[in-house]
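To keep things clear, I will list the structure first and then write my remarks on it.
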Amino acid sequence: MRSSPTCSRSEPRPARGPRLAGLACAGALAVLPLPAAAQMGNPGFMSPDTRTDAKGLPATDQTNAADILFVQLVGEGGLAEVSLAELARDKAASDAVKGFAERMATDHGAANDKLAGLAKAAGIAVPDALNAEHATMRKNLEAMDAAAFDLAYMRGQVVDHQKTATLLAWEITGGQNAGLQRFAADSLPVVLEHLAVARGVVEDLSLAQVAGDAPAARP
């Protein structure tokens, strides 16, 4: 890309810290164009046997491959969120981590119930057990002492919420089932908020670890 003639090469841009970069990414996801209720459904991703209405749009309460994979992946993530949050409530040393875990158990538990209802109505099976990746993650966390647990759990939360935000944005634009699309649109701001909080707790825990302080984080 050519440099603008008004920009001086002798003035380097300040480097973004990881937290600012993460917030910029979260902000970009947050402003994705969300389909209005009347625009739900995605003709570009219709299966050959999709029923359509008089206007040629997908009839309501139908699914495509994106919907099915979305339920599988987000369902697995939701189960893991609750399972790991329950572990963190008992094992974490930091009050901030305990408080975060409490919120994850509540928010993701409610989201899991809502997703299960939508999936049942659409005839899609939902996961009922941790997948291999999350089962291994829980086993590893169980073996850690409290101080190591806090940072490992919260770093995992950053990664998992990044993945979930991507899946939600993907369903909004690529899914076909209106109920699942609305669920994704409603859930995305909440997940982005979780991600921002998780990043802040990780930063505080990391700074405390470098300083040699007891594990503490912002409330």
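Quick note on naming: the chains in the structure tokens go A, B, ... in the order shown, residues restart at 1 in each chain, and ligands are numbered from 1 in order of appearance.
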
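Residue neighbourhood of range 107-116 of chain A, excluding near-sequence residues (fewer than 2 positions): A:Val71, A:Val74, A:Gly75, A:Gly78, A:Leu79, A:Glu81, A:Val82, A:Glu102, A:Arg103, A:Met104, A:Ala105, A:Leu118, A:Ala119, A:Lys120, A:Ala121, A:Ile124, A:Ala125, A:Val126, A:Leu180, A:Phe183, A:Ser187, A:Val190, at 9 Å, using only C-alpha atoms.
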
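The space separating CA of Glu203 in chain A from CA of Leu151 in chain A comes to 9.4 Å.
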
All residues 12 Å or closer to Val97 in chain A, only C-alpha atoms, same chain fewer than 3 positions away omitted, as a PyMOL selection string: chain A and resi 84-94+100-104+146-147+149-155+157+197-202+204-205+215-219

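The smallest atom-to-atom distance between Gln209 in chain A and any of A:Thr164, A:Pro189, A:Ala148, A:Arg182, using only C-alpha atoms, is found for A:Ala148.
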
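Using only C-alpha atoms for every distance, the candidate list A:Asn64, A:Asp128, A:Gly156, A:Glu76 yields A:Gly156 as the residue closest to Leu141 in chain A.
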